[in-house]
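Data from model21.tsv: TSV, C-alpha atoms and all ligand atoms
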```tsv
chain	number	residue	atom	x	y	z
A	30	MET	CA	10.87	93.50	141.46
A	31	ARG	CA	7.26	94.09	142.55
A	32	ASP	CA	4.59	96.55	141.47
A	33	THR	CA	4.71	99.92	143.20
A	34	ASP	CA	3.02	100.19	146.57
A	35	PRO	CA	0.05	102.57	146.70
A	36	GLN	CA	1.24	106.16	146.83
A	37	VAL	CA	1.44	107.84	150.25
A	38	GLY	CA	0.75	111.51	150.86
A	39	GLU	CA	3.62	112.68	152.99
A	40	GLY	CA	4.81	115.97	151.59
A	41	LYS	CA	6.79	114.63	148.66
A	42	VAL	CA	7.41	116.34	145.34
A	43	LEU	CA	6.34	113.99	142.54
A	44	CYS	CA	6.69	114.00	138.80
A	45	HIS	CA	3.67	111.82	138.12
A	46	PHE	CA	2.85	110.78	134.57
A	47	THR	CA	1.32	108.16	132.39
A	48	MET	CA	4.01	107.57	129.78
A	49	SER	CA	4.24	105.63	126.54
A	50	LEU	CA	6.85	102.90	126.45
A	51	ASP	CA	9.03	105.17	124.29
A	52	GLY	CA	8.98	107.99	126.81
A	53	PHE	CA	6.28	110.40	125.68
A	54	VAL	CA	3.71	111.90	128.06
A	55	ALA	CA	1.77	113.68	125.30
A	56	GLY	CA	1.55	113.18	121.58
A	57	PRO	CA	2.19	115.83	118.91
A	58	ASP	CA	0.30	119.09	119.57
A	59	HIS	CA	-0.44	117.86	123.10
A	60	ASP	CA	-2.55	115.00	121.78
A	61	MET	CA	-3.79	112.86	124.68
A	62	SER	CA	-6.22	110.66	122.76
A	63	TRP	CA	-3.79	107.74	123.14
A	64	MET	CA	-4.46	107.55	126.89
A	65	THR	CA	-7.29	105.05	126.53
A	66	GLY	CA	-7.55	101.35	125.83
A	67	PHE	CA	-5.40	100.02	128.64
A	68	THR	CA	-6.03	99.10	132.25
A	69	GLY	CA	-4.68	100.97	135.24
A	70	ARG	CA	-4.11	99.58	138.71
A	71	PRO	CA	-7.50	99.28	140.46
A	72	GLY	CA	-8.23	102.38	142.53
A	73	VAL	CA	-5.29	104.33	141.14
A	74	GLU	CA	-7.22	107.57	140.58
A	75	GLU	CA	-8.64	107.48	144.11
A	76	GLU	CA	-5.11	106.79	145.40
A	77	TYR	CA	-3.70	109.98	143.91
A	78	THR	CA	-6.84	112.02	144.60
A	79	ARG	CA	-6.34	111.17	148.28
A	80	THR	CA	-2.58	111.74	148.47
A	81	THR	CA	-2.19	114.88	146.36
A	82	GLY	CA	-2.31	118.19	148.19
A	83	ALA	CA	-1.39	120.60	145.39
A	84	VAL	CA	-0.53	120.64	141.72
A	85	LEU	CA	2.07	122.65	139.84
A	86	GLY	CA	1.71	122.97	136.08
A	87	GLY	CA	2.85	125.13	133.21
A	88	ARG	CA	1.21	127.66	130.98
A	89	ASP	CA	0.88	125.45	127.89
A	90	GLY	CA	-1.04	122.80	129.76
A	91	TRP	CA	-3.23	125.48	131.33
A	92	ASP	CA	-4.02	127.16	128.03
A	93	LEU	CA	-5.07	123.84	126.49
A	94	ASP	CA	-8.17	123.67	128.72
A	95	PRO	CA	-8.50	125.98	131.74
A	96	ASP	CA	-11.55	123.99	132.88
A	97	ALA	CA	-9.77	120.63	132.98
A	98	ARG	CA	-8.88	119.36	136.44
A	99	PRO	CA	-6.64	116.49	137.58
A	100	TYR	CA	-8.25	113.08	138.04
A	101	GLY	CA	-11.41	113.89	136.14
A	102	GLY	CA	-12.38	116.66	138.55
A	103	ASP	CA	-12.56	114.38	141.60
A	104	TRP	CA	-9.53	116.06	143.13
A	105	GLN	CA	-10.03	119.46	144.74
A	106	GLY	CA	-7.05	121.53	145.81
A	107	PRO	CA	-4.79	124.42	144.98
A	108	ILE	CA	-3.35	124.55	141.47
A	109	PHE	CA	-0.32	126.67	140.63
A	110	VAL	CA	0.60	127.59	137.07
A	111	LEU	CA	4.06	128.88	136.20
A	112	THR	CA	4.06	131.50	133.46
A	113	HIS	CA	6.11	134.45	132.31
A	114	HIS	CA	2.97	136.39	131.40
A	115	PRO	CA	0.14	135.87	133.89
A	116	GLU	CA	-1.59	139.05	132.72
A	117	ASP	CA	-3.14	137.36	129.67
A	118	ALA	CA	-4.03	134.04	131.32
A	119	VAL	CA	-7.61	132.82	131.57
A	120	GLN	CA	-8.37	133.09	135.29
A	121	ARG	CA	-10.26	130.52	137.37
A	122	ASP	CA	-11.09	130.25	141.09
A	123	GLY	CA	-8.47	128.32	143.04
A	124	ILE	CA	-5.75	128.87	140.44
A	125	THR	CA	-2.64	130.86	141.29
A	126	PHE	CA	-0.33	132.05	138.53
A	127	LEU	CA	3.30	132.27	139.53
A	128	THR	CA	6.14	134.13	137.86
A	129	CYS	CA	9.19	133.10	139.80
A	130	ASP	CA	12.09	130.72	139.95
A	131	VAL	CA	11.09	127.05	139.78
A	132	ALA	CA	12.49	126.43	143.27
A	133	GLU	CA	10.30	129.18	144.67
A	134	ALA	CA	7.28	127.78	142.81
A	135	VAL	CA	7.90	124.32	144.26
A	136	ARG	CA	8.31	125.80	147.75
A	137	ILE	CA	5.04	127.75	147.50
A	138	ALA	CA	3.05	124.85	146.05
A	139	LEU	CA	4.44	122.31	148.52
A	140	ALA	CA	3.53	124.58	151.43
A	141	ALA	CA	-0.01	124.73	150.05
A	142	ALA	CA	-0.20	120.93	149.84
A	143	GLY	CA	-0.80	120.73	153.60
A	144	GLY	CA	1.47	117.76	154.23
A	145	LYS	CA	0.24	115.80	151.22
A	146	ASN	CA	2.22	115.49	148.01
A	147	LEU	CA	2.88	118.13	145.40
A	148	GLU	CA	2.41	116.80	141.89
A	149	ILE	CA	4.34	118.49	139.12
A	150	LEU	CA	2.04	117.80	136.17
A	151	SER	CA	4.31	119.30	133.55
A	152	PRO	CA	7.27	117.65	131.87
A	153	SER	CA	9.03	120.97	131.29
A	154	ILE	CA	8.72	122.04	134.94
A	155	GLY	CA	9.53	118.51	136.04
A	156	ARG	CA	12.75	118.73	134.03
A	157	GLN	CA	13.70	122.01	135.67
A	158	ALA	CA	12.88	120.67	139.13
A	159	LEU	CA	14.82	117.44	138.51
A	160	GLN	CA	17.87	119.38	137.39
A	161	ARG	CA	17.65	121.48	140.56
A	162	GLY	CA	17.34	118.41	142.81
A	163	LEU	CA	13.81	119.33	143.90
A	164	VAL	CA	12.01	116.08	143.03
A	165	ASP	CA	11.50	113.23	145.50
A	166	GLU	CA	9.94	110.69	143.14
A	167	VAL	CA	9.43	110.13	139.43
A	168	ASP	CA	6.19	108.15	139.56
A	169	LEU	CA	5.24	106.56	136.26
A	170	HIS	CA	2.52	104.43	134.77
A	171	ILE	CA	3.94	102.98	131.58
A	172	ALA	CA	1.28	102.47	128.95
A	173	PRO	CA	1.65	99.59	126.48
A	174	LEU	CA	2.15	101.57	123.30
A	175	LEU	CA	4.77	103.39	121.25
A	176	LEU	CA	3.96	106.96	120.21
A	177	GLY	CA	7.03	107.91	118.20
A	178	ASP	CA	6.47	111.65	118.53
A	179	GLY	CA	5.26	114.22	121.02
A	180	ILE	CA	6.33	115.65	124.37
A	181	ARG	CA	8.92	113.65	126.24
A	182	LEU	CA	8.99	112.95	129.95
A	183	TYR	CA	12.47	114.43	130.08
A	184	ASP	CA	13.61	116.44	127.09
A	185	SER	CA	17.00	117.99	127.73
A	186	PRO	CA	19.46	117.63	124.84
A	187	GLY	CA	23.05	117.81	126.01
A	188	ALA	CA	22.17	117.38	129.66
A	189	HIS	CA	24.07	115.15	132.02
A	190	PRO	CA	22.30	111.88	132.86
A	191	ILE	CA	20.20	111.88	135.99
A	192	ARG	CA	20.52	108.54	137.73
A	193	LEU	CA	17.51	107.13	139.56
A	194	ASN	CA	16.98	104.57	142.27
A	195	LEU	CA	14.16	102.08	141.73
A	196	ILE	CA	11.88	102.25	144.78
A	197	ASN	CA	9.83	99.10	144.18
A	198	SER	CA	12.75	96.72	144.31
A	199	ASP	CA	15.25	95.44	146.82
A	200	ASP	CA	17.91	96.37	144.28
A	201	PRO	CA	17.71	100.14	143.65
A	202	ILE	CA	19.84	99.94	140.53
A	203	ALA	CA	18.03	96.99	138.97
A	204	GLU	CA	16.98	97.24	135.35
A	205	VAL	CA	13.28	96.72	134.73
A	206	ASN	CA	12.57	93.96	132.23
A	207	LEU	CA	9.49	94.35	130.09
A	208	ARG	CA	8.44	92.14	127.23
A	209	TYR	CA	5.75	93.18	124.76
A	210	ARG	CA	4.20	91.74	121.62
A	211	PRO	CA	3.14	94.30	118.98
A	212	VAL	CA	-0.54	94.30	118.15
A	213	ALA	CA	-0.90	93.73	114.41
A	214	VAL	CA	-0.81	96.98	112.43
A	215	ALA	CA	-3.07	97.12	109.38
A	216	VAL	CA	-1.01	98.05	106.31
A	217	ALA	CA	-3.34	100.98	105.60
A	218	ASP	CA	-2.55	102.43	109.05
A	219	ALA	CA	1.21	102.33	108.57
A	220	PRO	CA	2.78	105.61	107.39
B	301	LIG	N1	0.76	111.88	130.45
B	301	LIG	C1	0.49	112.49	131.60
B	301	LIG	O1	0.28	111.85	132.63
B	301	LIG	C2	0.49	114.00	131.65
B	301	LIG	C3	0.32	114.65	132.88
B	301	LIG	C4	0.36	116.03	132.90
B	301	LIG	C5	0.55	116.76	131.72
B	301	LIG	N2	0.70	116.09	130.56
B	301	LIG	C6	0.88	116.82	129.31
B	301	LIG	O2	2.00	117.68	129.40
B	301	LIG	C7	1.83	118.73	128.46
B	301	LIG	C8	2.15	120.07	129.12
B	301	LIG	O3	3.48	120.10	129.53
B	301	LIG	P1	4.58	120.97	128.78
B	301	LIG	O4	5.86	120.72	129.51
B	301	LIG	O5	4.48	120.69	127.32
B	301	LIG	O6	4.09	122.44	128.96
B	301	LIG	P2	3.76	123.24	130.29
B	301	LIG	O7	4.72	122.96	131.36
B	301	LIG	O8	2.31	123.07	130.58
B	301	LIG	O9	3.97	124.72	129.76
B	301	LIG	C9	5.27	125.19	129.45
B	301	LIG	C10	5.22	126.68	129.63
B	301	LIG	O10	5.05	127.02	131.02
B	301	LIG	C11	5.76	128.21	131.29
B	301	LIG	N3	6.87	127.93	132.18
B	301	LIG	C12	7.55	126.75	132.31
B	301	LIG	N4	8.55	126.89	133.20
B	301	LIG	C13	8.50	128.17	133.63
B	301	LIG	C14	9.27	128.92	134.56
B	301	LIG	N5	10.31	128.37	135.23
B	301	LIG	N6	8.93	130.20	134.79
B	301	LIG	C15	7.87	130.76	134.14
B	301	LIG	N7	7.11	130.11	133.25
B	301	LIG	C16	7.42	128.82	133.00
B	301	LIG	C17	6.28	128.71	129.94
B	301	LIG	O11	5.21	129.42	129.33
B	301	LIG	P3	5.19	131.02	129.08
B	301	LIG	O12	6.60	131.45	128.81
B	301	LIG	O13	4.29	131.15	127.89
B	301	LIG	O14	4.62	131.61	130.29
B	301	LIG	C18	6.47	127.41	129.20
B	301	LIG	O15	6.55	127.58	127.79
B	301	LIG	C19	0.37	118.69	128.02
B	301	LIG	O16	0.27	118.12	126.73
B	301	LIG	C20	-0.28	117.77	129.03
B	301	LIG	O17	-1.39	117.09	128.50
B	301	LIG	C21	0.69	114.73	130.49
```
Show me, as structure tokens, the structure contained in the file I just sent.
Ligand SMILES: NC(=O)c1ccc[n+]([C@@H]2O[C@H](COP(=O)([O-])OP(=O)(O)OC[C@H]3O[C@@H](n4cnc5c(N)ncnc54)[C@H](OP(=O)(O)O)[C@@H]3O)[C@@H](O)[C@H]2O)c1
Amino acid sequence: MRDTDPQVGEGKVLCHFTMSLDGFVAGPDHDMSWMTGFTGRPGVEEEYTRTTGAVLGGRDGWDLDPDARPYGGDWQGPIFVLTHHPEDAVQRDGITFLTCDVAEAVRIALAAAGGKNLEILSPSIGRQALQRGLVDEVDLHIAPLLLGDGIRLYDSPGAHPIRLNLINSDDPIAEVNLRYRPVAVAVADAP
């Protein structure tokens, strides 16, 4: 197995997340303070800034901070927010609120991506899109920590498994072997 090749903007639908080793993309109450203290692949933000044509997110993420933008604000492009009640959303230029089926939302946002990729930056919408067969790639950066609680990449109790093919390997069904050593936890920090 090798590291992933740099992403290519070619009209794909991506679920793109930084994820804890135990599968969380946000901590409790949407806490994201854990997303520091580790190194990313050099140039990774520029890579996705260049290859992303549009973003589709959900209402909870939007309400957290309507002024936040992907990739620290370096990326400029159309953002779509799925919500059942757009009438009480904080409005911003360049943001389109959608109330429609997830497949229609993906179709609209992908058309707006201008041949680049559509990033679904929402685990709940990613789950819906995965279950509808609308996702081309689940693109993950696995951070070296365990969160234990929060919002999962794919939270769908009772669902059927979704099998995946590993792209960065000659064997698409290869397991990925990772080996970590816990950083010492001070007794006072342990619950
Ligand atoms: N780690 C990472 O790389 C990364 C990247 C992106 C985001 N995140 C995190 O992900 C979290 C947000 O994701 P989330 O899944 O918790 O919430 P979300 O997708 O932002 O919001 C969920 C809400 O969106 C609306 N919605 C979802 N699907 C809909 C549909 N089909 N039709 C209409 N409305 C729909 C509903 O709100 P209403 O019913 O109220 O309208 C739903 O309760 C944040 O904490 C964010 O920081 C992490």
- Exercise answer, 7 Å around ligand LIG 301 (chain B) with all atoms listed in the file, as JSON, numbers by chain: {"A": [45, 46, 47, 48, 54, 55, 59, 60, 61, 86, 87, 88, 89, 90, 91, 111, 112, 113, 114, 128, 129, 130, 131, 150, 151, 152, 153, 154, 180]}
Keeping only C-alpha atoms, take the residues you just selected and write them out as a PDB file, in the coordinates of the input.
```pdb
ATOM      1  CA  HIS A  45       3.670 111.820 138.120  1.00  0.00           C
ATOM      2  CA  PHE A  46       2.850 110.780 134.570  1.00  0.00           C
ATOM      3  CA  THR A  47       1.320 108.160 132.390  1.00  0.00           C
ATOM      4  CA  MET A  48       4.010 107.570 129.780  1.00  0.00           C
ATOM      5  CA  VAL A  54       3.710 111.900 128.060  1.00  0.00           C
ATOM      6  CA  ALA A  55       1.770 113.680 125.300  1.00  0.00           C
ATOM      7  CA  HIS A  59      -0.440 117.860 123.100  1.00  0.00           C
ATOM      8  CA  ASP A  60      -2.550 115.000 121.780  1.00  0.00           C
ATOM      9  CA  MET A  61      -3.790 112.860 124.680  1.00  0.00           C
ATOM     10  CA  GLY A  86       1.710 122.970 136.080  1.00  0.00           C
ATOM     11  CA  GLY A  87       2.850 125.130 133.210  1.00  0.00           C
ATOM     12  CA  ARG A  88       1.210 127.660 130.980  1.00  0.00           C
ATOM     13  CA  ASP A  89       0.880 125.450 127.890  1.00  0.00           C
ATOM     14  CA  GLY A  90      -1.040 122.800 129.760  1.00  0.00           C
ATOM     15  CA  TRP A  91      -3.230 125.480 131.330  1.00  0.00           C
ATOM     16  CA  LEU A 111       4.060 128.880 136.200  1.00  0.00           C
ATOM     17  CA  THR A 112       4.060 131.500 133.460  1.00  0.00           C
ATOM     18  CA  HIS A 113       6.110 134.450 132.310  1.00  0.00           C
ATOM     19  CA  HIS A 114       2.970 136.390 131.400  1.00  0.00           C
ATOM     20  CA  THR A 128       6.140 134.130 137.860  1.00  0.00           C
ATOM     21  CA  CYS A 129       9.190 133.100 139.800  1.00  0.00           C
ATOM     22  CA  ASP A 130      12.090 130.720 139.950  1.00  0.00           C
ATOM     23  CA  VAL A 131      11.090 127.050 139.780  1.00  0.00           C
ATOM     24  CA  LEU A 150       2.040 117.800 136.170  1.00  0.00           C
ATOM     25  CA  SER A 151       4.310 119.300 133.550  1.00  0.00           C
ATOM     26  CA  PRO A 152       7.270 117.650 131.870  1.00  0.00           C
ATOM     27  CA  SER A 153       9.030 120.970 131.290  1.00  0.00           C
ATOM     28  CA  ILE A 154       8.720 122.040 134.940  1.00  0.00           C
ATOM     29  CA  ILE A 180       6.330 115.650 124.370  1.00  0.00           C
TER      30      ILE A 180
END
```
- Can you tell me, as a PyMOL selection string, what residues are no more than 12 Å from Leu207 (chain A) when counting only C-alpha atoms, ignoring any on the same chain fewer than 3 positions away? chain A and resi 30+50+171-173+204+210
Protein, DNA and RNA residues within 7 Å of (2.3, 106.8, 141.8), only C-alpha atoms, as a compact mmCIF listing (two decimals) with C-alpha atoms, keeping the file's coordinate frame:
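Here's the written file part_19.txt:
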```txt
# COMPACT_ATOMS: atom_id res chain seq x y z
CA PRO A 35 0.05 102.57 146.70
CA GLN A 36 1.24 106.16 146.83
CA HIS A 45 3.67 111.82 138.12
CA ASP A 168 6.19 108.15 139.56
CA LEU A 169 5.24 106.56 136.26
```
Could you work out an axis-aligned bounding box for all listed atoms of region 70-89 of chain A, with 8 Å added on each of the six sides, and give its centre and edge lengths in Å to one decimal, as lines of an AutoDock Vina configuration file?
```
center_x = -2.9
center_y = 113.5
center_z = 138.2
size_x = 27.5
size_y = 44.4
size_z = 36.6
```
- Message: Within 12 Å of (-2.9, 113.5, 148.8) (file coordinates; only C-alpha atoms), which protein or nucleic acid residues are there? I'd like them as a VMD selection string.
- Response: chain A and resid 35 to 43 74 to 84 104 to 107 139 141 to 148
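Each of A:Ser49, A:Gln157, A:Asn206, A:Ser185 was compared to Val135 (chain A) using only C-alpha atoms, and A:Gln157 turns out to be the nearest.
Taking CA of Ala188 (chain A) and CA of Val110 (chain A) as endpoints, the distance between them is 25.0 Å.
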